[in-house]
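> One file: entry-v6.tsv (TSV, C-alpha atoms (C1' of nucleotides)).
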```
chain	number	residue	atom	x	y	z
M	1	MET	CA	-13.68	30.01	-53.50
M	2	THR	CA	-14.31	28.89	-49.98
M	3	THR	CA	-16.92	26.20	-49.76
M	4	PHE	CA	-19.49	26.07	-47.02
M	5	THR	CA	-17.51	23.34	-45.30
M	6	ASP	CA	-14.31	25.40	-45.32
M	7	LYS	CA	-16.18	28.43	-44.04
M	8	VAL	CA	-17.60	26.39	-41.18
M	9	LYS	CA	-14.13	25.21	-40.25
M	10	SER	CA	-12.89	28.79	-40.34
M	11	VAL	CA	-15.72	30.01	-38.13
M	12	VAL	CA	-15.23	27.25	-35.58
M	13	ALA	CA	-11.49	27.91	-35.58
M	14	ASP	CA	-12.26	31.58	-34.89
M	15	ILE	CA	-14.18	30.81	-31.71
M	16	PRO	CA	-12.24	32.43	-28.83
M	17	LYS	CA	-11.08	30.27	-25.95
M	18	GLY	CA	-13.62	30.15	-23.15
M	19	SER	CA	-16.55	30.74	-25.50
M	20	VAL	CA	-18.93	28.34	-27.24
M	21	MET	CA	-21.20	28.60	-30.27
M	22	THR	CA	-24.23	26.52	-31.16
M	23	TYR	CA	-24.37	24.61	-34.44
M	24	LYS	CA	-27.04	27.07	-35.52
M	25	GLN	CA	-24.81	30.06	-34.76
M	26	VAL	CA	-21.94	28.49	-36.68
M	27	ALA	CA	-24.25	27.79	-39.59
M	28	ILE	CA	-25.39	31.42	-39.60
M	29	ALA	CA	-21.83	32.68	-39.39
M	30	SER	CA	-20.99	30.41	-42.31
M	31	GLY	CA	-23.75	31.92	-44.41
M	32	LYS	CA	-26.37	29.17	-44.15
M	33	PRO	CA	-28.80	29.85	-41.27
M	34	ALA	CA	-30.58	26.55	-41.92
M	35	ALA	CA	-27.49	24.39	-42.25
M	36	ALA	CA	-27.11	23.57	-38.58
M	37	ARG	CA	-27.54	19.91	-39.44
M	38	ALA	CA	-24.97	20.11	-42.18
M	39	VAL	CA	-22.50	21.69	-39.74
M	40	ALA	CA	-22.98	18.79	-37.37
M	41	ASN	CA	-22.42	16.34	-40.18
M	42	ILE	CA	-19.29	18.16	-41.33
M	43	MET	CA	-17.85	17.94	-37.82
M	44	ALA	CA	-18.73	14.29	-37.47
M	45	ALA	CA	-17.42	13.28	-40.88
M	46	ASN	CA	-14.43	15.60	-41.22
M	47	TYR	CA	-12.62	16.40	-38.02
M	48	ASP	CA	-9.62	18.70	-38.42
M	49	PRO	CA	-6.84	19.19	-35.81
M	50	GLY	CA	-7.08	22.96	-36.28
M	51	VAL	CA	-10.81	23.08	-35.67
M	52	PRO	CA	-11.85	22.96	-32.00
M	53	CYS	CA	-15.20	21.26	-32.59
M	54	HIS	CA	-15.50	20.82	-28.83
M	55	ARG	CA	-16.47	24.50	-28.64
M	56	VAL	CA	-19.58	23.84	-30.71
M	57	ILE	CA	-22.65	22.77	-28.75
M	58	ARG	CA	-26.38	22.35	-29.28
M	59	SER	CA	-28.91	25.14	-28.91
M	60	ASP	CA	-30.52	23.21	-26.05
M	61	GLY	CA	-27.32	23.55	-24.06
M	62	GLY	CA	-26.38	19.93	-24.71
M	63	LEU	CA	-22.91	19.03	-25.88
M	64	GLY	CA	-24.17	17.07	-28.86
M	65	GLY	CA	-21.31	14.64	-29.36
M	66	TYR	CA	-17.62	14.22	-29.97
M	67	ASN	CA	-15.68	12.10	-32.42
M	68	ARG	CA	-12.48	12.08	-30.46
M	69	GLY	CA	-13.31	10.75	-27.00
M	70	GLY	CA	-17.03	11.01	-26.47
M	71	VAL	CA	-19.22	13.58	-24.77
M	72	GLU	CA	-17.35	13.06	-21.50
M	73	GLU	CA	-14.09	14.24	-23.07
M	74	LYS	CA	-15.83	17.20	-24.67
M	75	ALA	CA	-17.39	18.24	-21.37
M	76	ARG	CA	-13.99	17.90	-19.71
M	77	ILE	CA	-12.36	20.20	-22.27
M	78	LEU	CA	-15.07	22.83	-21.94
M	79	LYS	CA	-14.73	22.84	-18.18
M	80	ARG	CA	-11.00	23.24	-18.64
M	81	GLU	CA	-11.68	26.23	-20.91
M	82	GLY	CA	-13.84	27.76	-18.22
M	83	VAL	CA	-17.21	27.22	-19.91
M	84	SER	CA	-20.24	26.39	-17.80
M	85	LEU	CA	-22.17	23.47	-19.27
M	86	GLU	CA	-25.31	24.30	-17.32
M	87	THR	CA	-28.17	25.98	-19.18
M	88	ALA	CA	-28.13	28.65	-16.50
M	89	LYS	CA	-31.89	28.42	-16.21
J	90	DT	C1'	-26.83	10.02	-60.17
J	91	DA	C1'	-29.97	8.95	-56.52
J	92	DG	C1'	-31.03	7.56	-51.83
J	93	DT	C1'	-29.97	7.41	-46.88
J	94	DT	C1'	-27.81	9.27	-42.67
J	95	DG	C1'	-26.83	12.45	-38.86
J	96	DA	C1'	-22.62	15.72	-33.21
J	97	DC	C1'	-29.56	19.80	-35.39
J	98	DC	C1'	-33.56	23.12	-34.73
J	99	DG	C1'	-38.15	24.60	-34.00
J	100	DG	C1'	-42.82	23.93	-33.58
J	101	DA	C1'	-46.81	20.93	-32.27
J	102	DA	C1'	-49.05	17.35	-29.14
B	103	DA	C1'	-41.98	20.36	-18.80
B	104	DT	C1'	-41.18	16.26	-22.13
B	105	DT	C1'	-41.89	13.68	-26.48
B	106	DC	C1'	-42.98	13.47	-31.48
B	107	DC	C1'	-42.75	15.19	-36.24
B	108	DG	C1'	-41.08	17.69	-40.27
B	109	DG	C1'	-37.53	20.43	-42.64
B	110	DC	C1'	-32.82	21.58	-44.03
B	111	DC	C1'	-27.90	20.76	-45.79
B	112	DA	C1'	-23.53	18.33	-46.62
B	113	DA	C1'	-21.24	13.81	-46.56
B	114	DC	C1'	-21.53	8.81	-47.25
B	115	DT	C1'	-23.01	4.43	-49.69
```
For this file, write the structure as structure tokens.

Amino acid sequence: MTTFTDKVKSVVADIPKGSVMTYKQVAIASGKPAAARAVANIMAANYDPGVPCHRVIRSDGGLGGYNRGGVEEKARILKREGVSLETAK
DNA sequence: TAGTTGACCGGAA
DNA sequence: ATTCCGGCCAACT
């Protein structure tokens, strides 16, 4: 039985390179549309080397945070992946 | 076991 | 447009 946490990790790990998902989207894909906050907490409390949490961003277009090197490192990685951090508005 | 916290989200002021 | 408030869920103390 895969727990919600494991499912979240699986979903995040399934995010293709060059793409990003919001915490809400990940929560939905994990089966809990209202667990966006829980997803964020899971990332912050349990970082896994096989889970590219840097591909998960806020719905506002913000990066949220990063437990590995800060928002600056996260932004750097996303730019390296070819993702535009601008809200495109 | 119960209470608090947080890389959030959406609506209201 | 920005700032404030409440709700939701898992992990931590």
> May I have the residues of chain M within 8 Å of chain J, counting all atoms listed in the file, written as number ranges by chain?
M: 23-24, 36-37, 40-41, 43-44, 58-59, 64-67
> For CA of Gly50 (chain M) and CA of Glu86 (chain M), quote the distance in Å rounded to one decimal.
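Rounded to one decimal, the two atoms are 26.3 Å apart.
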> Using all atoms listed in the file, which chain M residues lie at most 7 Å away from chain B, written as a PyMOL selection string?
chain M and resi 34-35+37-38+41-42+45
> Measuring atom to atom with all atoms listed in the file, identify which of M:Val51, M:Lys17, M:Gly31, M:Ser84 is nearest to Thr3 (chain M).
M:Gly31
> Would you work out the distance separating CA of Val20 (chain M) from CA of Ile57 (chain M), expressed in Å to one decimal?
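Taking CA of Val20 (chain M) as the start and CA of Ile57 (chain M) as the end point, the length is 6.9 Å.
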> Could you state the separation of CA of Pro49 (chain M) and CA of Pro33 (chain M) in Å, given to one decimal place?
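It comes out at 25.0 Å.
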> Please rebuild region 52-85 of chain M with N, CA and C atoms and return the result as an mmCIF file, in the frame of the given file.

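Output file selection20.cif follows:
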```
data_model
loop_
_atom_site.group_PDB
_atom_site.id
_atom_site.type_symbol
_atom_site.label_atom_id
_atom_site.label_comp_id
_atom_site.auth_asym_id
_atom_site.auth_seq_id
_atom_site.Cartn_x
_atom_site.Cartn_y
_atom_site.Cartn_z
ATOM 1 N N PRO M 52 -11.385 23.369 -33.325
ATOM 2 C CA PRO M 52 -11.850 22.960 -32.000
ATOM 3 C C PRO M 52 -13.350 22.688 -31.974
ATOM 4 N N CYS M 53 -13.758 21.571 -32.518
ATOM 5 C CA CYS M 53 -15.200 21.260 -32.590
ATOM 6 C C CYS M 53 -15.803 21.147 -31.200
ATOM 7 N N HIS M 54 -14.976 20.967 -30.185
ATOM 8 C CA HIS M 54 -15.500 20.820 -28.830
ATOM 9 C C HIS M 54 -16.097 22.117 -28.314
ATOM 10 N N ARG M 55 -15.876 23.212 -29.043
ATOM 11 C CA ARG M 55 -16.470 24.500 -28.640
ATOM 12 C C ARG M 55 -17.820 24.705 -29.304
ATOM 13 N N VAL M 56 -18.267 23.728 -30.049
ATOM 14 C CA VAL M 56 -19.580 23.840 -30.710
ATOM 15 C C VAL M 56 -20.567 22.929 -29.983
ATOM 16 N N ILE M 57 -21.653 23.520 -29.517
ATOM 17 C CA ILE M 57 -22.650 22.770 -28.750
ATOM 18 C C ILE M 57 -24.037 22.942 -29.341
ATOM 19 N N ARG M 58 -24.998 22.238 -28.800
ATOM 20 C CA ARG M 58 -26.380 22.350 -29.280
ATOM 21 C C ARG M 58 -27.055 23.604 -28.741
ATOM 22 N N SER M 59 -28.160 23.961 -29.346
ATOM 23 C CA SER M 59 -28.910 25.140 -28.910
ATOM 24 C C SER M 59 -29.598 24.861 -27.580
ATOM 25 N N ASP M 60 -29.859 23.600 -27.303
ATOM 26 C CA ASP M 60 -30.520 23.210 -26.050
ATOM 27 C C ASP M 60 -29.567 23.281 -24.873
ATOM 28 N N GLY M 61 -28.301 23.527 -25.139
ATOM 29 C CA GLY M 61 -27.320 23.550 -24.060
ATOM 30 C C GLY M 61 -26.615 22.213 -23.939
ATOM 31 N N GLY M 62 -27.039 21.240 -24.732
ATOM 32 C CA GLY M 62 -26.380 19.930 -24.710
ATOM 33 C C GLY M 62 -25.058 19.989 -25.471
ATOM 34 N N LEU M 63 -24.218 19.024 -25.224
ATOM 35 C CA LEU M 63 -22.910 19.030 -25.880
ATOM 36 C C LEU M 63 -23.000 18.461 -27.282
ATOM 37 N N GLY M 64 -24.023 17.705 -27.547
ATOM 38 C CA GLY M 64 -24.170 17.070 -28.860
ATOM 39 C C GLY M 64 -23.361 15.799 -28.897
ATOM 40 N N GLY M 65 -22.138 15.855 -29.321
ATOM 41 C CA GLY M 65 -21.310 14.640 -29.360
ATOM 42 C C GLY M 65 -19.866 14.997 -29.620
ATOM 43 N N TYR M 66 -19.038 13.989 -29.715
ATOM 44 C CA TYR M 66 -17.620 14.220 -29.970
ATOM 45 C C TYR M 66 -17.011 12.984 -30.635
ATOM 46 N N ASN M 67 -16.241 13.214 -31.661
ATOM 47 C CA ASN M 67 -15.680 12.100 -32.420
ATOM 48 C C ASN M 67 -14.312 11.693 -31.919
ATOM 49 N N ARG M 68 -13.862 12.268 -30.895
ATOM 50 C CA ARG M 68 -12.480 12.080 -30.460
ATOM 51 C C ARG M 68 -12.418 11.263 -29.165
ATOM 52 N N GLY M 69 -13.373 11.465 -28.281
ATOM 53 C CA GLY M 69 -13.310 10.750 -27.000
ATOM 54 C C GLY M 69 -14.661 10.666 -26.328
ATOM 55 N N GLY M 70 -15.703 11.079 -27.060
ATOM 56 C CA GLY M 70 -17.030 11.010 -26.470
ATOM 57 C C GLY M 70 -17.437 12.304 -25.798
ATOM 58 N N VAL M 71 -18.685 12.374 -25.395
ATOM 59 C CA VAL M 71 -19.220 13.580 -24.770
ATOM 60 C C VAL M 71 -18.488 13.898 -23.472
ATOM 61 N N GLU M 72 -18.049 12.855 -22.769
ATOM 62 C CA GLU M 72 -17.350 13.060 -21.500
ATOM 63 C C GLU M 72 -16.073 13.865 -21.719
ATOM 64 N N GLU M 73 -15.330 13.520 -22.764
ATOM 65 C CA GLU M 73 -14.090 14.240 -23.070
ATOM 66 C C GLU M 73 -14.393 15.686 -23.449
ATOM 67 N N LYS M 74 -15.432 15.863 -24.245
ATOM 68 C CA LYS M 74 -15.830 17.200 -24.670
ATOM 69 C C LYS M 74 -16.184 18.062 -23.461
ATOM 70 N N ALA M 75 -16.984 17.518 -22.574
ATOM 71 C CA ALA M 75 -17.390 18.240 -21.370
ATOM 72 C C ALA M 75 -16.153 18.601 -20.547
ATOM 73 N N ARG M 76 -15.223 17.673 -20.488
ATOM 74 C CA ARG M 76 -13.990 17.900 -19.710
ATOM 75 C C ARG M 76 -13.218 19.078 -20.280
ATOM 76 N N ILE M 77 -13.089 19.113 -21.613
ATOM 77 C CA ILE M 77 -12.360 20.200 -22.270
ATOM 78 C C ILE M 77 -13.032 21.541 -22.006
ATOM 79 N N LEU M 78 -14.340 21.576 -22.145
ATOM 80 C CA LEU M 78 -15.070 22.830 -21.940
ATOM 81 C C LEU M 78 -14.894 23.335 -20.526
ATOM 82 N N LYS M 79 -14.938 22.441 -19.578
ATOM 83 C CA LYS M 79 -14.730 22.840 -18.180
ATOM 84 C C LYS M 79 -13.328 23.387 -17.997
ATOM 85 N N ARG M 80 -12.388 22.777 -18.719
ATOM 86 C CA ARG M 80 -11.000 23.240 -18.640
ATOM 87 C C ARG M 80 -10.874 24.638 -19.248
ATOM 88 N N GLU M 81 -11.710 24.915 -20.261
ATOM 89 C CA GLU M 81 -11.680 26.230 -20.910
ATOM 90 C C GLU M 81 -12.386 27.275 -20.047
ATOM 91 N N GLY M 82 -13.149 26.824 -19.107
ATOM 92 C CA GLY M 82 -13.840 27.760 -18.220
ATOM 93 C C GLY M 82 -15.278 27.988 -18.651
ATOM 94 N N VAL M 83 -15.833 27.065 -19.433
ATOM 95 C CA VAL M 83 -17.210 27.220 -19.910
ATOM 96 C C VAL M 83 -18.162 26.419 -19.017
ATOM 97 N N SER M 84 -19.249 27.066 -18.627
ATOM 98 C CA SER M 84 -20.240 26.390 -17.800
ATOM 99 C C SER M 84 -21.187 25.576 -18.697
ATOM 100 N N LEU M 85 -21.326 24.312 -18.441
ATOM 101 C CA LEU M 85 -22.170 23.470 -19.270
ATOM 102 C C LEU M 85 -23.635 23.558 -18.877
#
```
